[in-house]
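work02.tsv (TSV, C-alpha atoms)
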```
chain	number	residue	atom	x	y	z
A	1	MET	CA	61.57	168.14	101.80
A	2	LEU	CA	61.01	165.12	99.56
A	3	PRO	CA	62.94	165.03	96.29
A	4	ALA	CA	60.87	165.83	93.23
A	5	ILE	CA	62.30	162.70	91.58
A	6	ALA	CA	64.16	159.93	93.39
A	7	VAL	CA	65.75	157.21	91.25
A	8	LYS	CA	67.41	154.32	93.11
A	9	GLN	CA	69.48	151.55	91.53
A	10	ILE	CA	67.47	151.47	88.30
A	11	CYS	CA	68.50	148.82	85.78
A	12	LYS	CA	66.83	148.15	82.45
A	13	ARG	CA	67.66	145.52	79.88
A	14	TYR	CA	66.20	144.96	76.41
A	15	GLY	CA	67.20	141.45	75.41
A	16	ASN	CA	70.98	141.45	75.33
A	17	VAL	CA	71.21	145.24	75.53
A	18	GLN	CA	71.79	146.81	78.95
A	19	ALA	CA	70.03	150.16	78.53
A	20	LEU	CA	70.49	151.42	82.11
A	21	THR	CA	72.84	150.26	84.85
A	22	ASP	CA	72.52	151.14	88.54
A	23	ILE	CA	71.12	154.64	88.04
A	24	ASP	CA	71.01	156.65	91.27
A	25	LEU	CA	69.66	160.17	90.96
A	26	GLU	CA	67.81	162.69	93.10
A	27	ILE	CA	66.33	165.87	91.65
A	28	GLN	CA	65.20	168.35	94.26
A	29	GLN	CA	61.99	170.34	94.21
A	30	GLY	CA	62.36	173.62	92.33
A	31	GLU	CA	65.45	172.58	90.37
A	32	PHE	CA	66.00	173.25	86.68
A	33	PHE	CA	67.88	170.07	85.86
A	34	ALA	CA	69.58	168.89	82.65
A	35	LEU	CA	69.76	165.22	81.67
A	36	LEU	CA	72.26	164.99	78.83
A	37	GLY	CA	73.93	162.32	76.74
A	38	PRO	CA	74.45	161.16	73.15
A	39	ASN	CA	71.85	159.17	71.22
A	40	GLY	CA	71.46	155.74	72.78
A	41	ALA	CA	72.77	156.81	76.19
A	42	GLY	CA	69.51	155.85	77.93
A	43	LYS	CA	67.88	159.24	78.48
A	44	THR	CA	64.51	158.39	76.93
A	45	THR	CA	64.47	154.98	78.62
A	46	LEU	CA	65.01	156.64	82.00
A	47	ILE	CA	62.29	159.20	81.30
A	48	SER	CA	59.90	156.42	80.27
A	49	ILE	CA	60.56	154.61	83.55
A	50	ILE	CA	60.02	157.80	85.55
A	51	ALA	CA	56.76	158.39	83.67
A	52	GLY	CA	55.59	154.82	84.32
A	53	LEU	CA	55.56	153.96	80.62
A	54	THR	CA	58.33	151.38	80.93
A	55	LEU	CA	59.01	148.96	83.78
A	56	ALA	CA	62.55	148.71	85.11
A	57	ASN	CA	64.08	145.30	85.70
A	58	SER	CA	65.18	146.42	89.16
A	59	GLY	CA	65.27	149.50	91.35
A	60	SER	CA	62.65	152.08	92.23
A	61	VAL	CA	61.48	155.54	91.17
A	62	LYS	CA	59.41	158.02	93.15
A	63	VAL	CA	57.86	161.27	91.97
A	64	MET	CA	57.10	163.67	94.83
A	65	GLY	CA	57.33	160.69	97.16
A	66	TYR	CA	54.95	158.45	95.18
A	67	ASP	CA	56.25	155.20	93.72
A	68	VAL	CA	55.68	155.18	89.97
A	69	THR	CA	54.71	151.50	90.05
A	70	SER	CA	52.80	150.87	93.26
A	71	ASP	CA	51.24	154.36	93.50
A	72	TYR	CA	51.18	155.30	89.85
A	73	ARG	CA	48.00	157.40	90.02
A	74	HIS	CA	49.51	159.93	92.42
A	75	ALA	CA	52.88	159.75	90.67
A	76	ARG	CA	51.35	160.61	87.29
A	77	LEU	CA	49.25	163.42	88.76
A	78	ASN	CA	52.48	165.04	89.92
A	79	LEU	CA	54.29	164.66	86.59
A	80	GLY	CA	53.95	166.20	83.15
A	81	VAL	CA	56.02	164.85	80.26
A	82	VAL	CA	56.60	166.46	76.88
A	83	PRO	CA	57.69	163.53	74.65
A	84	GLN	CA	60.28	163.77	71.94
A	85	GLU	CA	57.96	162.27	69.32
A	86	LEU	CA	55.06	164.22	67.84
A	87	VAL	CA	52.11	162.15	69.07
A	88	PHE	CA	48.65	163.65	68.57
A	89	ASP	CA	44.99	162.81	68.01
A	90	PRO	CA	44.00	164.00	64.53
A	91	PHE	CA	40.25	164.19	65.20
A	92	PHE	CA	40.06	167.06	67.70
A	93	THR	CA	40.88	170.75	67.91
A	94	VAL	CA	43.61	172.14	70.16
A	95	ARG	CA	41.14	173.27	72.81
A	96	GLU	CA	39.25	169.97	72.70
A	97	ILE	CA	42.49	168.06	73.17
A	98	LEU	CA	43.31	170.06	76.30
A	99	HIS	CA	39.81	169.57	77.77
A	100	ILE	CA	40.06	165.83	77.09
A	101	GLN	CA	43.46	165.78	78.79
A	102	SER	CA	41.94	167.54	81.81
A	103	GLY	CA	39.25	164.88	81.96
A	104	TYR	CA	41.88	162.16	81.85
A	105	TYR	CA	43.23	163.54	85.13
A	106	GLY	CA	39.74	164.01	86.57
A	107	ILE	CA	39.99	167.81	86.56
A	108	LYS	CA	36.79	169.82	86.17
A	109	GLY	CA	36.42	173.57	85.66
A	110	ASN	CA	39.85	173.89	84.08
A	111	ALA	CA	38.90	176.32	81.32
A	112	HIS	CA	40.71	179.32	82.84
A	113	TRP	CA	44.03	177.49	83.08
A	114	ILE	CA	43.59	176.05	79.56
A	115	ASP	CA	43.01	179.59	78.26
A	116	GLU	CA	46.17	180.77	80.01
A	117	ILE	CA	48.27	177.92	78.60
A	118	ILE	CA	46.94	178.57	75.09
A	119	GLU	CA	47.80	182.26	75.40
A	120	ARG	CA	51.24	181.76	76.96
A	121	LEU	CA	52.23	179.26	74.28
A	122	ASP	CA	50.94	181.56	71.53
A	123	LEU	CA	48.27	179.09	70.41
A	124	SER	CA	45.32	181.48	70.54
A	125	ASP	CA	44.98	181.68	66.75
A	126	LYS	CA	45.03	177.88	66.52
A	127	ALA	CA	42.79	176.99	69.48
A	128	GLY	CA	39.91	176.03	67.19
A	129	ALA	CA	42.06	174.36	64.54
A	130	ASN	CA	42.17	170.63	63.98
A	131	MET	CA	45.46	169.04	65.01
A	132	ARG	CA	45.99	167.71	61.46
A	133	ALA	CA	46.14	171.28	60.17
A	134	LEU	CA	49.00	172.36	62.44
A	135	SER	CA	52.66	172.63	61.55
A	136	GLY	CA	55.24	170.55	63.40
A	137	GLY	CA	56.18	173.48	65.60
A	138	MET	CA	52.56	174.14	66.53
A	139	LYS	CA	51.99	170.47	67.33
A	140	ARG	CA	54.97	170.58	69.68
A	141	ARG	CA	53.43	173.58	71.45
A	142	VAL	CA	50.26	171.52	71.96
A	143	LEU	CA	52.33	168.69	73.46
A	144	VAL	CA	53.76	171.16	75.96
A	145	ALA	CA	50.24	172.41	76.74
A	146	GLN	CA	49.02	168.83	77.30
A	147	ALA	CA	51.84	168.17	79.75
A	148	LEU	CA	50.91	171.27	81.76
A	149	VAL	CA	47.13	171.02	81.71
A	150	HIS	CA	46.93	169.36	85.16
A	151	LYS	CA	49.45	171.79	86.73
A	152	PRO	CA	52.04	169.15	87.65
A	153	PRO	CA	54.77	170.20	90.10
A	154	VAL	CA	57.33	168.21	88.06
A	155	ILE	CA	57.78	168.72	84.31
A	156	ILE	CA	60.03	166.69	81.99
A	157	LEU	CA	60.87	168.18	78.61
A	158	ASP	CA	62.35	165.60	76.23
A	159	GLU	CA	63.92	167.51	73.32
A	160	PRO	CA	61.16	170.18	73.44
A	161	THR	CA	62.72	172.46	70.80
A	162	ALA	CA	63.87	169.81	68.30
A	163	GLY	CA	63.15	171.05	64.79
A	164	VAL	CA	61.24	174.17	65.80
A	165	ASP	CA	61.79	177.80	64.95
A	166	VAL	CA	63.50	180.48	67.02
A	167	GLU	CA	60.21	182.19	67.88
A	168	LEU	CA	58.82	179.04	69.50
A	169	ARG	CA	62.01	178.50	71.46
A	170	GLN	CA	61.84	182.00	72.89
A	171	THR	CA	58.14	181.69	73.72
A	172	LEU	CA	58.59	178.25	75.27
A	173	TRP	CA	61.62	179.13	77.38
A	174	GLU	CA	60.02	182.31	78.68
A	175	PHE	CA	57.01	180.27	79.85
A	176	VAL	CA	59.13	177.45	81.30
A	177	ARG	CA	61.37	179.89	83.18
A	178	GLN	CA	58.26	181.41	84.74
A	179	LEU	CA	56.99	177.96	85.75
A	180	ASN	CA	60.34	177.24	87.38
A	181	ARG	CA	60.29	180.57	89.21
A	182	ASP	CA	56.82	179.64	90.44
A	183	GLY	CA	58.28	176.50	92.03
A	184	HIS	CA	57.87	173.83	89.35
A	185	THR	CA	60.70	171.34	88.98
A	186	VAL	CA	61.87	171.16	85.37
A	187	VAL	CA	63.95	168.35	83.86
A	188	LEU	CA	65.33	169.01	80.39
A	189	THR	CA	66.91	166.71	77.84
A	190	THR	CA	68.29	168.42	74.75
A	191	HIS	CA	71.02	168.23	72.14
A	192	TYR	CA	71.16	172.04	72.15
A	193	LEU	CA	73.79	172.27	74.88
A	194	GLU	CA	73.76	176.07	74.88
A	195	GLU	CA	70.12	175.88	76.01
A	196	ALA	CA	70.98	173.54	78.87
A	197	GLU	CA	73.88	175.75	79.95
A	198	ALA	CA	71.72	178.87	79.92
A	199	MET	CA	68.69	177.34	81.65
A	200	CYS	CA	69.80	174.63	84.07
A	201	ASN	CA	71.44	174.75	87.48
A	202	ARG	CA	72.56	171.12	87.73
A	203	VAL	CA	73.33	168.44	85.18
A	204	ALA	CA	73.67	164.66	84.88
A	205	MET	CA	75.44	163.16	81.89
A	206	LEU	CA	74.70	159.61	80.71
A	207	LYS	CA	76.92	157.42	78.61
A	208	ALA	CA	76.07	153.83	77.67
A	209	GLY	CA	73.36	153.65	80.32
A	210	LYS	CA	75.48	154.97	83.20
A	211	ILE	CA	75.74	158.36	84.89
A	212	ILE	CA	79.30	159.53	84.31
A	213	ALA	CA	78.93	163.08	85.67
A	214	LEU	CA	76.54	164.70	88.15
A	215	ASP	CA	77.23	168.18	89.46
A	216	GLN	CA	76.31	171.84	89.46
A	217	MET	CA	76.60	173.30	85.95
A	218	GLN	CA	79.30	175.80	86.90
A	219	ASN	CA	81.30	173.19	88.78
A	220	LEU	CA	81.43	170.94	85.71
A	221	ILE	CA	82.51	173.80	83.49
A	222	GLY	CA	84.98	174.99	86.14
A	223	LYS	CA	86.75	171.63	86.00
A	224	MET	CA	87.79	172.57	82.47
A	225	ALA	CA	89.76	175.56	83.83
A	226	GLY	CA	93.13	175.79	82.17
A	227	ASN	CA	91.61	175.01	78.77
A	228	ASN	CA	91.24	178.68	77.89
A	229	SER	CA	92.67	179.87	74.60
A	230	LEU	CA	93.37	183.16	72.88
A	231	ARG	CA	92.70	183.74	69.18
A	232	LEU	CA	94.62	186.48	67.41
A	233	ARG	CA	94.54	187.96	63.90
A	234	LEU	CA	97.87	189.65	63.33
A	235	LEU	CA	99.47	192.12	60.94
A	236	PRO	CA	101.88	191.09	59.62
A	237	ASP	CA	100.54	187.53	59.69
A	238	GLN	CA	103.31	185.95	61.70
A	239	LEU	CA	103.76	184.72	65.24
A	240	PRO	CA	106.90	185.67	67.19
A	241	ALA	CA	109.18	182.73	67.97
A	242	GLU	CA	108.64	183.25	71.71
A	243	LEU	CA	104.91	182.57	71.30
A	244	GLN	CA	105.09	179.65	68.89
A	245	PRO	CA	105.24	177.02	71.73
A	246	LEU	CA	101.78	178.24	72.80
A	247	GLU	CA	100.19	177.75	69.37
A	248	ILE	CA	97.60	174.98	69.27
A	249	ASN	CA	95.66	175.74	66.08
A	250	ARG	CA	95.00	178.01	63.13
A	251	ILE	CA	91.32	178.88	62.71
A	252	GLY	CA	90.09	181.14	59.93
A	253	GLY	CA	93.40	182.91	59.60
A	254	MET	CA	93.71	183.40	63.37
A	255	TYR	CA	96.38	181.98	65.65
A	256	GLU	CA	94.97	180.07	68.63
A	257	LEU	CA	97.23	180.10	71.68
A	258	ARG	CA	96.89	178.06	74.86
A	259	ILE	CA	96.75	180.16	78.02
A	260	ASP	CA	96.77	178.75	81.55
A	261	ASP	CA	95.50	181.91	83.24
A	262	TYR	CA	94.61	185.49	82.37
A	263	THR	CA	97.91	186.89	83.68
A	264	GLN	CA	99.52	185.64	80.45
A	265	LEU	CA	97.56	188.10	78.35
A	266	GLU	CA	99.72	191.10	79.17
A	267	SER	CA	102.99	189.27	78.46
A	268	ILE	CA	101.61	188.00	75.11
A	269	LEU	CA	100.54	191.50	74.07
A	270	SER	CA	103.87	192.92	75.25
A	271	LEU	CA	105.78	190.44	73.08
A	272	LEU	CA	103.65	191.36	70.07
A	273	ARG	CA	104.28	195.08	70.64
A	274	SER	CA	108.02	194.46	70.92
A	275	ALA	CA	107.92	192.57	67.62
A	276	GLN	CA	105.95	195.46	66.05
A	277	ILE	CA	103.07	193.14	65.23
A	278	GLN	CA	99.61	194.69	65.28
A	279	VAL	CA	96.60	192.88	66.76
A	280	LEU	CA	93.71	193.21	64.30
A	281	GLU	CA	91.31	190.94	66.18
A	282	MET	CA	91.40	189.18	69.55
A	283	GLN	CA	89.01	186.57	70.99
A	284	LEU	CA	89.24	184.92	74.39
A	285	GLN	CA	87.83	181.37	74.23
A	286	GLN	CA	86.56	179.94	77.51
A	287	PRO	CA	85.31	176.38	78.11
A	288	ASP	CA	81.57	175.80	78.00
A	289	LEU	CA	79.18	172.89	78.48
A	290	GLU	CA	79.90	171.58	74.99
A	291	ASP	CA	83.60	171.30	75.84
A	292	VAL	CA	82.72	169.39	79.02
A	293	PHE	CA	80.34	167.11	77.12
A	294	VAL	CA	82.82	166.28	74.36
A	295	ASN	CA	85.61	165.69	76.87
A	296	LEU	CA	83.51	163.29	78.96
A	297	MET	CA	82.10	161.39	75.99
A	298	GLN	CA	85.53	160.89	74.45
A	299	ASN	CA	87.08	159.72	77.70
A	300	ASP	CA	87.25	155.92	77.43
A	301	GLU	CA	87.93	155.59	81.15
A	302	ASN	CA	84.31	156.46	81.81
```
How does this structure look as C-alpha cells?
Amino acid sequence: MLPAIAVKQICKRYGNVQALTDIDLEIQQGEFFALLGPNGAGKTTLISIIAGLTLANSGSVKVMGYDVTSDYRHARLNLGVVPQELVFDPFFTVREILHIQSGYYGIKGNAHWIDEIIERLDLSDKAGANMRALSGGMKRRVLVAQALVHKPPVIILDEPTAGVDVELRQTLWEFVRQLNRDGHTVVLTTHYLEEAEAMCNRVAMLKAGKIIALDQMQNLIGKMAGNNSLRLRLLPDQLPAELQPLEINRIGGMYELRIDDYTQLESILSLLRSAQIQVLEMQLQQPDLEDVFVNLMQNDEN
C-alpha cells in the first residue's frame, strides 16, 4: 500500500534561513498523525510544501503516490488542508462557498455531501449567512468544510482549534474521528498537546527545521518512564527524614516525591504510618506528551 504522504530529503531555505533540513517522513494510509514543534520549527513550511503552495529547494513529496510538483492536479485532489490563518471570501454565503469549492475541483452534484458537512459541523443555522457575518469560530468551521468538500483521502489540520470554543472542539473532533475511522488519513498540528495525545497514534517532532523524534505516541511517552512522581498533602505538614531524599518540589502545599516504580508506594505509605502522619491528599503524576515535548525541546544535543 502506498503511503498517504511520502516526504523524501526535503530542504527549504528562505534567504539565509534554513527552514527545513533533510526531512524524511512517511505517513501511512489511515493514520492519525501528529506533527508537533514550537513556533518557527518548520511545521507550516512543510505543510505548504506538501500542499504544493511552496516549492522546496530539494527533495520530493508525494500524496497518495502523486508527486506534488509534477502531478499536482492528482496530488491536490487527494489532499484537503485546513490552514491556520482565517482566509475567506467575504462576498458569498457558507453554502455558496462550498459549491464554489466543489466547482474548483470539478465536482458536480455534490449537494448531498455539502449538506452533510454543514450538518456535521453544526453550520446549518449559518448556511445562508454571509461569511463576513460569522464569528471567528464559525469561519474556522467553514475552513474545515472547504477542506472536506471534495472528500480527500488525506486531511491536514493546521491548528484547527486555535482560538475556538469548547463546543466547536468537541464537534470538530467527533467529526474528524469518524472520518479517520472511515479510512481518511489525518495529519494534525496543534499547540494543544493534550489533543494530540488523545487523538493521534504516531507523532513527529520538529525543532529548527529538523525531525528530532518520530515514533508511536505511547513509545515516546514510555521513554519517560522513571519520571513518575507522587504528590502528598500531609497532616501534620512535615516529611519524615527517611523520605526527604525523594523530595523534588513543593507544589500548592503538597510534597512532590520522585518514584522510580510503583512498588515504592507501599514503603512510602508505611513510613508515613509509622511516623503517625496522615495522608490528606495523594496524586500520582505520570509523564505525558507535554513532558516529552519539553524534554526534547530543551535538549541541546538535538
Nearest-residue call for Thr185 in chain A, choices A:Ser70, A:Asn201, A:Gln238, A:Gln218, using only C-alpha atoms: A:Asn201
Sel. within 12 Å of pt (44.0, 163.0, 83.1), counting all atoms listed in the file, output as a list in words: Arg73, His74, Arg76, Leu77, Asn78, Leu79, Gly80, Ile97, Leu98, His99, Ile100, Gln101, Ser102, Gly103, Tyr104, Tyr105, Gly106, Ile107, Lys108, Asn110, Gln146, Ala147, Leu148, Val149, His150, Lys151 and Pro152 of chain A
Non-local contacts of Met205 in chain A (8 Å; all atoms listed in the file; under 2 positions in same chain excluded) as a ChimeraX atom specification: /A:35-37,203,207,211-214,293
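Checking A:Cys11, A:Val292, A:Leu53, A:Met297 one by one against Gly222 in chain A, counting only C-alpha atoms, you find the shortest gap at A:Val292.
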Separation of CA of Glu96 in chain A from CA of Gly128 in chain A, in Å and rounded to one decimal: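 Separation of CA of Glu96 in chain A and CA of Gly128 in chain A: 8.2 Å.
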Residue list as a PyMOL selection string for point (73.1, 155.9, 81.0), cut-off 6 Å, only C-alpha atoms: chain A and resi 20+41-42+206-211
Computed interatomic separation between CA of Tyr262 in chain A and CA of Gln244 in chain A (Å):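 That distance, rounded to one decimal, is 18.0 Å.
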CA of Gly183 in chain A to CA of Gly30 in chain A, distance in Å rounded to a single decimal: 5.0 Å
Who sits within 10 Å of Lys126 in chain A, only C-alpha atoms, same chain under 3 positions skipped, as a list in words: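 Contacts, in chain order: Thr93, Val94, Arg95, Ile118, Asp122, Leu123, Ala129, Asn130, Met131, Ala133, Leu134, Met138 and Val142 of chain A.
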Once you count all atoms listed in the file, what closest atom pair and distance in Å to one decimal does each residue of range 140-247 of chain A within 12 Å of range 63-66 of chain A have, with rows by chain and rising residue number, as a Markdown table?
```
| residue | atom | partner | partner_atom | distance |
| --- | --- | --- | --- | --- |
| A:Pro152 | CA | A:Met64 | CA | 10.4 |
| A:Pro153 | CA | A:Met64 | CA | 8.4 |
| A:Val154 | CA | A:Val63 | CA | 8.0 |
| A:Ile155 | CA | A:Val63 | CA | 10.7 |
| A:Ile156 | CA | A:Val63 | CA | 11.6 |
| A:His184 | CA | A:Met64 | CA | 11.6 |
| A:Thr185 | CA | A:Met64 | CA | 10.3 |
```
Of the listed residues A:Leu179, A:Ile50, A:Ala56, A:Ala4, that which approaches Thr21 in chain A most closely, counting all atoms listed in the file: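 The shortest atom-to-atom distance to Thr21 in chain A comes from A:Ala56.
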Selected residue, from A:Ser124, A:Asn299, A:Asn227, A:Thr190, that lies nearest to Gln285 in chain A when counting only C-alpha atoms: A:Asn227
Pick from A:Val7, A:Val186, A:Ile27, A:Ala145, whichever lies nearest to Val61 in chain A using only C-alpha atoms: A:Val7
Centre, edges in Å (one decimal): axis-aligned box, range 101-108 of chain A, 3 Å padding on all six sides, as JSON:
```
{"center_x": 40.1, "center_y": 166.0, "center_z": 82.7, "size_x": 12.7, "size_y": 13.7, "size_z": 13.8}
```
